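Novice: If it helps, the file is called input-v6.txt and holds compact mmCIF, C-alpha atoms:
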```
# COMPACT_ATOMS: atom_id res chain seq x y z
CA MET A 1 0.08 3.01 18.79
CA TYR A 2 0.54 1.68 15.65
CA TYR A 3 -3.17 1.20 15.66
CA LEU A 4 -4.18 4.74 15.45
CA ILE A 5 -3.55 4.30 11.87
CA ALA A 6 -5.67 5.22 8.98
CA TYR A 7 -8.15 7.27 10.91
CA VAL A 8 -8.13 10.45 8.94
CA LEU A 9 -7.30 8.54 5.81
CA PHE A 10 -10.80 7.19 6.01
CA PHE A 11 -12.66 10.08 7.41
CA GLY A 12 -11.14 13.22 6.05
CA TYR A 13 -11.61 14.84 2.69
CA THR A 14 -14.33 12.52 1.50
CA GLU A 15 -17.16 14.99 1.20
CA PHE A 16 -16.06 17.19 -1.55
CA MET A 17 -13.43 17.08 -4.26
CA PRO A 18 -12.31 20.40 -5.79
CA LYS A 19 -11.70 20.27 -9.52
CA ILE A 20 -8.26 21.81 -9.31
CA VAL A 21 -5.82 19.01 -8.54
CA ASP A 22 -4.35 19.40 -5.11
CA HIS A 23 -1.34 17.12 -5.06
CA GLU A 24 -1.30 16.48 -1.33
CA GLU A 25 -5.01 15.80 -1.43
CA ARG A 26 -4.51 13.37 -4.27
CA ARG A 27 -1.74 11.55 -2.44
CA GLU A 28 -4.07 11.14 0.51
CA ARG A 29 -6.86 9.89 -1.70
CA ILE A 30 -4.52 7.26 -3.09
CA ALA A 31 -3.44 6.23 0.39
CA LYS A 32 -7.09 5.88 1.41
CA ALA A 33 -7.72 3.71 -1.60
CA MET A 34 -4.83 1.53 -0.54
CA TRP A 35 -6.28 0.93 2.93
CA GLN A 36 -9.60 0.01 1.38
CA VAL A 37 -7.92 -2.52 -0.90
CA ILE A 38 -5.96 -4.03 1.99
CA LEU A 39 -9.17 -4.42 3.98
CA ASP A 40 -11.02 -5.97 1.03
CA LYS A 41 -8.34 -8.18 -0.46
CA GLY A 42 -5.52 -8.45 2.04
CA MET A 43 -1.96 -7.38 1.49
CA GLU A 44 -1.46 -9.65 -1.48
CA GLY A 45 -4.28 -7.85 -3.28
CA ALA A 46 -2.78 -4.42 -2.69
CA THR A 47 -1.20 -4.10 -6.11
CA VAL A 48 -0.61 -0.72 -7.72
CA ARG A 49 -3.20 -1.70 -10.33
CA ASN A 50 -5.93 -2.48 -7.79
CA ILE A 51 -5.16 0.66 -5.83
CA ALA A 52 -5.38 2.84 -8.95
CA GLN A 53 -8.75 1.29 -9.75
CA GLU A 54 -10.07 1.88 -6.21
CA ALA A 55 -8.87 5.49 -6.33
CA GLY A 56 -10.48 6.02 -9.74
CA LEU A 57 -7.15 6.95 -11.33
CA SER A 58 -5.19 5.63 -14.27
CA LEU A 59 -2.08 3.60 -13.57
CA GLY A 60 -0.02 6.42 -15.06
CA ALA A 61 -1.60 9.06 -12.82
CA LEU A 62 -0.93 6.92 -9.77
CA ARG A 63 2.68 6.35 -10.78
CA HIS A 64 3.11 10.10 -11.00
CA TYR A 65 2.80 10.12 -7.22
CA PHE A 66 4.13 6.72 -6.22
CA GLN A 67 6.63 4.57 -8.10
CA ASN A 68 5.56 1.32 -6.51
CA GLN A 69 3.59 -0.36 -3.74
CA ASP A 70 6.34 0.17 -1.19
CA ASP A 71 6.49 3.95 -1.71
CA LEU A 72 2.79 4.00 -1.15
CA LEU A 73 2.95 1.87 1.99
CA VAL A 74 5.58 4.09 3.52
CA TYR A 75 3.63 7.22 2.70
CA ALA A 76 0.37 5.85 4.02
CA MET A 77 1.84 4.78 7.35
CA THR A 78 3.78 8.02 7.78
CA LEU A 79 0.71 10.08 7.08
CA VAL A 80 -1.23 8.19 9.70
CA LYS A 81 1.54 8.55 12.23
CA ASP A 82 1.64 12.33 11.71
CA ARG A 83 -2.08 12.66 12.08
CA VAL A 84 -2.33 10.48 15.13
CA THR A 85 0.40 12.55 16.72
CA ALA A 86 -1.68 15.62 15.92
CA ARG A 87 -4.71 14.05 17.59
CA ILE A 88 -2.79 13.30 20.76
CA GLU A 89 -1.35 16.81 20.78
CA ALA A 90 -4.86 18.20 20.50
CA ILE A 91 -5.80 16.38 23.70
CA MET A 92 -2.78 17.89 25.43
CA LYS A 93 -4.11 21.35 24.67
CA ARG A 94 -7.48 20.68 26.27
CA GLY A 95 -6.09 21.42 29.71
CA LEU A 96 -7.53 18.36 31.41
CA PRO A 97 -6.27 17.26 34.85
CA PRO A 98 -3.23 14.96 34.34
CA LYS A 99 -4.95 11.63 35.06
CA GLU A 100 -7.91 12.44 32.83
CA MET A 101 -5.62 13.68 30.10
CA VAL A 102 -3.69 10.41 30.10
CA MET A 103 -6.99 8.48 30.13
CA ALA A 104 -8.21 10.42 27.07
CA MET A 105 -4.97 9.80 25.21
CA LEU A 106 -5.00 6.08 25.93
CA LEU A 107 -8.55 5.83 24.62
CA GLU A 108 -7.31 7.19 21.30
CA ILE A 109 -5.02 4.18 21.03
CA VAL A 110 -7.26 1.20 21.78
CA PRO A 111 -9.81 0.32 19.06
CA ILE A 112 -13.12 0.96 20.81
CA ASN A 113 -15.13 2.13 17.84
CA GLU A 114 -15.55 1.17 14.21
CA GLU A 115 -12.99 3.70 12.95
CA THR A 116 -10.20 2.70 15.28
CA ARG A 117 -10.98 -0.97 14.67
CA ILE A 118 -10.43 -0.46 10.95
CA GLU A 119 -7.18 1.31 11.71
CA MET A 120 -5.91 -1.55 13.80
CA ASP A 121 -7.10 -4.13 11.28
CA VAL A 122 -5.03 -2.46 8.61
CA TRP A 123 -2.10 -1.97 10.95
CA PHE A 124 -2.10 -5.66 11.76
CA VAL A 125 -1.95 -6.69 8.13
CA PHE A 126 0.67 -4.05 7.46
CA VAL A 127 2.99 -5.15 10.26
CA ALA A 128 2.63 -8.82 9.38
CA HIS A 129 3.70 -7.84 5.88
CA VAL A 130 6.65 -5.58 6.60
CA LYS A 131 8.11 -6.72 9.89
CA HIS A 132 10.98 -8.62 8.32
CA ARG A 133 12.12 -5.67 6.25
CA LYS A 134 14.94 -3.60 7.71
CA ASP A 135 13.92 -0.39 5.96
CA THR A 136 10.51 -0.33 7.58
CA VAL A 137 11.72 -0.65 11.17
CA GLY A 138 11.36 3.08 11.66
CA LEU A 139 7.77 2.90 10.50
CA ILE A 140 6.78 0.13 12.85
CA ASN A 141 8.54 1.79 15.74
CA ASP A 142 6.37 4.84 15.53
CA GLY A 143 7.28 6.87 18.57
CA LEU A 144 4.57 5.44 20.78
CA PHE A 145 7.08 4.35 23.38
CA GLU A 146 8.20 7.97 23.65
CA ALA A 147 4.57 9.01 24.06
CA PHE A 148 4.21 6.59 26.98
CA GLN A 149 7.39 7.95 28.54
CA LYS A 150 5.88 11.42 28.39
CA MET A 151 2.53 10.33 29.81
CA VAL A 152 3.97 8.50 32.80
CA GLY A 153 6.58 11.22 33.28
CA TYR A 154 3.83 13.82 33.34
CA LEU A 155 1.83 11.91 35.97
CA HIS A 156 5.02 11.73 38.01
CA SER A 157 6.11 15.35 37.67
CA THR A 158 2.63 16.63 38.55
CA GLY A 159 2.60 14.51 41.69
CA TRP A 160 -0.17 12.15 40.60
CA LEU A 161 1.91 8.98 40.62
CA LYS A 162 2.10 7.00 43.87
CA GLU A 163 5.40 6.99 45.76
CA GLY A 164 7.80 4.10 45.45
CA LEU A 165 6.98 3.09 41.87
CA SER A 166 9.62 2.54 39.20
CA LEU A 167 9.08 5.04 36.40
CA GLU A 168 10.92 2.81 33.94
CA PHE A 169 8.77 -0.24 34.63
CA GLU A 170 5.55 1.76 34.83
CA ILE A 171 6.18 3.06 31.31
CA GLU A 172 6.86 -0.42 29.98
CA ARG A 173 3.88 -1.87 31.82
CA LEU A 174 1.41 0.75 30.65
CA TYR A 175 2.63 0.49 27.05
CA ALA A 176 2.31 -3.30 27.04
CA LEU A 177 -1.06 -3.21 28.78
CA ILE A 178 -2.49 -0.79 26.22
CA ASP A 179 -1.15 -2.63 23.18
CA GLY A 180 -2.38 -5.94 24.62
CA LEU A 181 -5.84 -4.48 25.26
CA ALA A 182 -5.83 -3.06 21.73
CA MET A 183 -5.10 -6.49 20.31
CA HIS A 184 -7.79 -8.14 22.43
CA ALA A 185 -10.31 -5.48 21.49
CA LEU A 186 -9.56 -6.27 17.86
CA LEU A 187 -9.58 -10.06 18.08
CA ASP A 188 -12.24 -10.58 20.75
CA PRO A 189 -14.51 -7.53 20.59
CA ASP A 190 -17.43 -9.28 22.28
CA ARG A 191 -15.53 -9.76 25.50
CA VAL A 192 -13.22 -6.77 25.26
CA ASP A 193 -15.76 -4.11 24.36
CA ARG A 194 -15.63 -0.38 24.89
CA SER A 195 -16.77 -0.40 28.50
CA ARG A 196 -14.38 -3.22 29.37
CA VAL A 197 -11.46 -1.30 27.88
CA ILE A 198 -12.37 1.84 29.80
CA ASP A 199 -12.81 -0.07 33.06
CA VAL A 200 -9.48 -1.86 32.80
CA ILE A 201 -7.54 1.30 31.93
CA ARG A 202 -9.21 3.16 34.78
CA TYR A 203 -8.45 0.29 37.16
CA HIS A 204 -4.81 0.38 36.16
CA LEU A 205 -4.49 4.18 36.44
CA ASP A 206 -6.17 4.05 39.85
CA SER A 207 -3.61 1.47 40.95
CA ILE A 208 -0.64 3.70 40.10
CA CYS A 209 -2.11 7.12 40.96
CA ARG A 210 -2.86 8.71 44.31
CA ALA A 211 -6.50 8.68 45.38
CA MET B 1 -0.83 -17.27 23.80
CA TYR B 2 -1.45 -17.55 20.41
CA TYR B 3 2.27 -17.13 20.19
CA LEU B 4 3.26 -20.35 21.67
CA ILE B 5 2.58 -21.66 18.32
CA ALA B 6 4.70 -23.81 16.16
CA TYR B 7 7.15 -24.76 18.83
CA VAL B 8 7.08 -28.48 18.64
CA LEU B 9 6.31 -28.33 14.98
CA PHE B 10 9.83 -27.06 14.57
CA PHE B 11 11.67 -28.99 17.19
CA GLY B 12 10.09 -32.40 17.41
CA TYR B 13 10.60 -35.37 15.15
CA THR B 14 13.30 -33.81 13.04
CA GLU B 15 16.14 -36.14 13.90
CA PHE B 16 15.05 -39.35 12.42
CA MET B 17 12.40 -40.53 10.03
CA PRO B 18 11.30 -44.16 10.27
CA LYS B 19 10.70 -45.88 6.97
CA ILE B 20 7.27 -47.13 7.87
CA VAL B 21 4.85 -44.30 7.22
CA ASP B 22 3.38 -43.03 10.45
CA HIS B 23 0.37 -40.99 9.44
CA GLU B 24 0.34 -38.69 12.42
CA GLU B 25 4.05 -38.11 12.00
CA ARG B 26 3.55 -37.29 8.36
CA ARG B 27 0.78 -34.84 9.12
CA GLU B 28 3.11 -33.07 11.52
CA ARG B 29 5.88 -33.01 8.97
CA ILE B 30 3.54 -31.36 6.51
CA ALA B 31 2.47 -28.82 9.11
CA LYS B 32 6.12 -28.01 9.83
CA ALA B 33 6.75 -27.51 6.14
CA MET B 34 3.84 -25.12 6.07
CA TRP B 35 5.29 -22.95 8.83
CA GLN B 36 8.61 -22.86 7.04
CA VAL B 37 6.93 -21.71 3.84
CA ILE B 38 4.97 -19.02 5.69
CA LEU B 39 8.19 -17.73 7.25
CA ASP B 40 10.03 -17.75 3.92
CA LYS B 41 7.35 -16.49 1.58
CA GLY B 42 4.54 -15.08 3.67
CA MET B 43 0.98 -16.28 3.69
CA GLU B 44 0.47 -15.67 -0.02
CA GLY B 45 3.29 -18.13 -0.75
CA ALA B 46 1.77 -20.87 1.40
CA THR B 47 0.19 -22.76 -1.47
CA VAL B 48 -0.41 -26.49 -1.31
CA ARG B 49 2.19 -26.87 -4.07
CA ASN B 50 4.93 -24.98 -2.20
CA ILE B 51 4.16 -26.84 1.00
CA ALA B 52 4.37 -30.23 -0.73
CA GLN B 53 7.74 -29.23 -2.17
CA GLU B 54 9.06 -28.08 1.21
CA ALA B 55 7.88 -31.32 2.83
CA GLY B 56 9.47 -33.40 0.05
CA LEU B 57 6.14 -34.96 -0.89
CA SER B 58 4.17 -35.20 -4.09
CA LEU B 59 1.08 -33.06 -4.44
CA GLY B 60 -0.98 -36.27 -4.42
CA ALA B 61 0.61 -37.52 -1.20
CA LEU B 62 -0.07 -34.21 0.47
CA ARG B 63 -3.69 -34.18 -0.66
CA HIS B 64 -4.11 -37.58 0.90
CA TYR B 65 -3.78 -35.80 4.26
CA PHE B 66 -5.11 -32.33 3.55
CA GLN B 67 -7.61 -31.32 0.90
CA ASN B 68 -6.55 -27.70 0.77
CA GLN B 69 -4.58 -24.94 2.40
CA ASP B 70 -7.32 -24.19 4.92
CA ASP B 71 -7.45 -27.76 6.23
CA LEU B 72 -3.76 -27.52 6.74
CA LEU B 73 -3.92 -24.18 8.52
CA VAL B 74 -6.55 -25.42 10.91
CA TYR B 75 -4.59 -28.57 11.66
CA ALA B 76 -1.32 -26.72 12.17
CA MET B 77 -2.80 -24.22 14.60
CA THR B 78 -4.74 -26.87 16.51
CA LEU B 79 -1.67 -29.01 16.88
CA VAL B 80 0.29 -26.12 18.29
CA LYS B 81 -2.48 -25.23 20.68
CA ASP B 82 -2.59 -28.79 22.01
CA ARG B 83 1.13 -28.92 22.52
CA VAL B 84 1.38 -25.55 24.17
CA THR B 85 -1.35 -26.61 26.53
CA ALA B 86 0.74 -29.69 27.29
CA ARG B 87 3.78 -27.51 28.03
CA ILE B 88 1.84 -25.35 30.45
CA GLU B 89 0.40 -28.43 32.13
CA ALA B 90 3.92 -29.81 32.53
CA ILE B 91 4.86 -26.68 34.49
CA MET B 92 1.84 -27.20 36.71
CA LYS B 93 3.17 -30.60 37.69
CA ARG B 94 6.57 -29.28 38.78
CA GLY B 95 5.19 -28.30 42.17
CA LEU B 96 6.62 -24.77 42.22
CA PRO B 97 5.38 -22.19 44.73
CA PRO B 98 2.35 -20.38 43.22
CA LYS B 99 4.05 -17.13 42.26
CA GLU B 100 7.01 -18.91 40.66
CA MET B 101 4.71 -21.27 38.85
CA VAL B 102 2.77 -18.41 37.32
CA MET B 103 6.05 -16.70 36.40
CA ALA B 104 7.28 -19.85 34.63
CA MET B 105 4.02 -20.17 32.70
CA LEU B 106 4.05 -16.56 31.59
CA LEU B 107 7.60 -16.95 30.30
CA GLU B 108 6.33 -19.71 28.02
CA ILE B 109 4.05 -17.19 26.37
CA VAL B 110 6.30 -14.22 25.61
CA PRO B 111 8.84 -14.73 22.81
CA ILE B 112 12.16 -14.48 24.63
CA ASN B 113 14.18 -16.92 22.57
CA GLU B 114 14.62 -17.78 18.92
CA GLU B 115 12.07 -20.60 19.01
CA THR B 116 9.27 -18.64 20.58
CA ARG B 117 10.06 -15.67 18.34
CA ILE B 118 9.51 -17.88 15.29
CA GLU B 119 6.26 -19.08 16.80
CA MET B 120 4.96 -15.59 17.30
CA ASP B 121 6.13 -14.50 13.86
CA VAL B 122 4.06 -17.23 12.30
CA TRP B 123 1.14 -16.56 14.59
CA PHE B 124 1.13 -12.93 13.57
CA VAL B 125 0.97 -13.75 9.88
CA PHE B 126 -1.65 -16.40 10.56
CA VAL B 127 -3.96 -14.09 12.50
CA ALA B 128 -3.61 -11.28 9.98
CA HIS B 129 -4.69 -13.80 7.37
CA VAL B 130 -7.64 -15.46 9.08
CA LYS B 131 -9.06 -12.89 11.45
CA HIS B 132 -11.96 -11.96 9.18
CA ARG B 133 -13.09 -15.54 8.76
CA LYS B 134 -15.89 -16.68 11.02
CA ASP B 135 -14.87 -20.34 11.01
CA THR B 136 -11.46 -19.62 12.47
CA VAL B 137 -12.67 -17.64 15.46
CA GLY B 138 -12.29 -20.70 17.66
CA LEU B 139 -8.71 -21.10 16.55
CA ILE B 140 -7.72 -17.54 17.29
CA ASN B 141 -9.49 -17.59 20.63
CA ASP B 142 -7.31 -20.36 21.88
CA GLY B 143 -8.22 -20.70 25.52
CA LEU B 144 -5.51 -18.39 26.80
CA PHE B 145 -8.02 -16.21 28.59
CA GLU B 146 -9.12 -19.27 30.53
CA ALA B 147 -5.49 -20.00 31.39
CA PHE B 148 -5.13 -16.49 32.80
CA GLN B 149 -8.29 -16.94 34.82
CA LYS B 150 -6.78 -20.06 36.33
CA MET B 151 -3.42 -18.45 37.06
CA VAL B 152 -4.86 -15.42 38.83
CA GLY B 153 -7.47 -17.58 40.57
CA TYR B 154 -4.71 -19.84 41.82
CA LEU B 155 -2.69 -16.92 43.23
CA HIS B 156 -5.86 -15.79 44.95
CA SER B 157 -6.96 -19.14 46.38
CA THR B 158 -3.48 -19.85 47.74
CA GLY B 159 -3.42 -16.50 49.50
CA TRP B 160 -0.65 -14.94 47.41
CA LEU B 161 -2.76 -12.14 45.95
CA LYS B 162 -2.94 -8.86 47.87
CA GLU B 163 -6.21 -7.92 49.56
CA GLY B 164 -8.61 -5.53 47.90
CA LEU B 165 -7.83 -6.35 44.29
CA SER B 166 -10.49 -7.13 41.68
CA LEU B 167 -9.97 -10.67 40.40
CA GLU B 168 -11.82 -9.85 37.20
CA PHE B 169 -9.67 -6.85 36.34
CA GLU B 170 -6.44 -8.50 37.45
CA ILE B 171 -7.10 -11.33 34.98
CA GLU B 172 -7.78 -8.89 32.15
CA ARG B 173 -4.81 -6.75 33.08
CA LEU B 174 -2.33 -9.63 33.27
CA TYR B 175 -3.57 -11.09 29.99
CA ALA B 176 -3.25 -7.76 28.17
CA LEU B 177 0.14 -7.02 29.74
CA ILE B 178 1.56 -10.37 28.62
CA ASP B 179 0.20 -10.18 25.08
CA GLY B 180 1.45 -6.60 24.77
CA LEU B 181 4.90 -7.58 26.01
CA ALA B 182 4.88 -10.49 23.58
CA MET B 183 4.13 -8.15 20.71
CA HIS B 184 6.82 -5.68 21.76
CA ALA B 185 9.37 -8.48 22.21
CA LEU B 186 8.59 -9.51 18.65
CA LEU B 187 8.60 -6.07 17.04
CA ASP B 188 11.28 -4.34 19.12
CA PRO B 189 13.56 -7.10 20.41
CA ASP B 190 16.49 -4.77 21.07
CA ARG B 191 14.59 -2.81 23.67
CA VAL B 192 12.28 -5.55 24.90
CA ASP B 193 14.81 -8.33 25.35
CA ARG B 194 14.70 -11.37 27.58
CA SER B 195 15.84 -9.64 30.75
CA ARG B 196 13.46 -6.74 30.18
CA VAL B 197 10.53 -9.13 29.79
CA ILE B 198 11.45 -11.00 32.96
CA ASP B 199 11.90 -7.78 34.95
CA VAL B 200 8.57 -6.31 33.87
CA ILE B 201 6.63 -9.50 34.61
CA ARG B 202 8.31 -9.80 37.99
CA TYR B 203 7.56 -6.15 38.73
CA HIS B 204 3.92 -6.70 37.91
CA LEU B 205 3.60 -9.91 39.95
CA ASP B 206 5.30 -8.17 42.89
CA SER B 207 2.75 -5.38 42.64
CA ILE B 208 -0.21 -7.74 42.97
CA CYS B 209 1.26 -10.36 45.33
CA ARG B 210 2.03 -10.16 49.04
CA ALA B 211 5.69 -9.64 49.92
```
Produce structure tokens that represent the structure in this file.

Specialist:
Amino acid sequence: MYYLIAYVLFFGYTEFMPKIVDHEERRERIAKAMWQVILDKGMEGATVRNIAQEAGLSLGALRHYFQNQDDLLVYAMTLVKDRVTARIEAIMKRGLPPKEMVMAMLLEIVPINEETRIEMDVWFVFVAHVKHRKDTVGLINDGLFEAFQKMVGYLHSTGWLKEGLSLEFEIERLYALIDGLAMHALLDPDRVDRSRVIDVIRYHLDSICRA
Amino acid sequence: MYYLIAYVLFFGYTEFMPKIVDHEERRERIAKAMWQVILDKGMEGATVRNIAQEAGLSLGALRHYFQNQDDLLVYAMTLVKDRVTARIEAIMKRGLPPKEMVMAMLLEIVPINEETRIEMDVWFVFVAHVKHRKDTVGLINDGLFEAFQKMVGYLHSTGWLKEGLSLEFEIERLYALIDGLAMHALLDPDRVDRSRVIDVIRYHLDSICRA
């Protein structure tokens, strides 16, 4: 779930800026500015100059934190990845029954509200831009597959999964289903709206879980 | 199956160019040049000038066929859509048993060889570029959902689908599964290789079809 992207980038830290420079805060502010520029102007408009302007910083101040556009891209995607991971871990701690826990996690991945739609929008542009570059492979492959392994493994080890299923193929199938739904929710939001997404995921989980 | 894209653009008409100008042939040649430029330089490099150079035509000759980059984009995507439709219709005429027919069609959609990988690569860049534009909505929504409706409906009407399934959700689920697999085959081809794609699709079809 590439898509979980920029969530906090957009919605954290916006209310109040302390006057003492907090370097991590400033790095995040710059990353947020970058997402905004990508959304407004596309990847080709995401120059260091435009990003500095959006962030309200001088070019020199921005370069203090990031040498070039690529440094910034890598930081922005890594930051998102860390925070999304944190969000999924927070769900784990809620102590929900296994099937509901997996349902809640999956709904963090598919863009069913304005915030997650923005995230996926940006992710899409980002991947289209970097997918031919060897050094970004680790960024695109963001550990989501491992998350799906854990989710399906958890349903299995807690006895929720039906007998006779292949764990390996159930992981692959669920991962593909969710990323496909995410893409359809982004590109065809009228048909694949929030309730549709929820219904299809529930239908699928019902088909692989005991009654 | 956005992804089915540029297939024939790349692999038709390349052997031999007649000296008499065939206008439709020339339009296709220009469209092919456009895909090549997108692959080489990304969407921001797909200027009318670069495309004319790639096609070996003067700027004036190119403008005779296409006023601007957008005309060209629309033509290129429409052409692909028409030809992919033709490919799927060709499978229909082969008289395969229903489940095998659907399998063969689905394997036309997921990028499991170099040609289809190129198609999806280009599609990805294309969609990232146009998805905010209202006038291209019809291009992105390319009738694939309707194709999935027909496939699942056909399995149902021929008695291959298991009892008790929801046709509506099976259509949505298969469509999302295939587009998700297509994306994973593009972005993580080492893990999601040809045999993996085939196995997962077969696993899914087995789960919804009678033995």

Novice: Taking all atoms listed in the file into account, which residues of chain B are within 7 Å of chain A, as a PyMOL selection string?

Specialist: chain B and resi 44+124-125+128+169+173+176-177+179-181+200

Novice: So that I can check the surroundings of Val48 in chain A, please list as a list in words every protein, DNA and RNA residue that reaches within 12 Å of it, counting all atoms listed in the file and ignoring chain neighbours fewer than 5 positions away.

Specialist: Ile30, Ala31, Ala33, Met34, Val37, Ile38, Met43, Gln53, Glu54, Ala55, Leu57, Ser58, Leu59, Gly60, Ala61, Leu62, Arg63, His64, Tyr65, Phe66, Gln67, Asn68, Gln69, Asp70, Asp71, Leu72 and Leu73 of chain A

Novice: What's the separation between CA of Met120 in chain A and CA of Asp82 in chain B, in Å to one decimal place?

Specialist: 28.6 Å

Novice: Expressed in Å to a single decimal, how great is the separation between CA of Ala90 in chain B and CA of Thr116 in chain B?

Specialist: 17.2 Å

Novice: Which value, in Å to one decimal, gives the distance between CA of Leu144 in chain B and CA of Leu167 in chain B?

Specialist: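 Straight-line distance from CA of Leu144 in chain B to CA of Leu167 in chain B works out to 16.3 Å.
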
Novice: If I wrap all listed atoms of range 143-151 of chain A in a box with edges along x, y and z and add 3 Å on each side, what are its centre and edge lengths in Å to one decimal, as lines of an AutoDock Vina configuration file?

Specialist:
```
center_x = 5.4
center_y = 7.9
center_z = 24.2
size_x = 11.7
size_y = 13.1
size_z = 17.2
```

Novice: With distances taken over all atoms listed in the file, which residue among A:Ile118, A:Leu79, A:Ala86, A:Cys209 lies nearest His156 in chain A?

Specialist: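 Distance minimum relative to His156 in chain A lands on A:Cys209.
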
Novice: Here's a test: counting only C-alpha atoms, identify every protein, DNA and RNA residue with an atom at most 12 Å from (-4.9, 12.8, 19.5) in the file's coordinate frame, and state them as a VMD selection string.

Specialist: chain A and resid 1 4 to 5 7 to 8 80 to 94 101 to 109 147
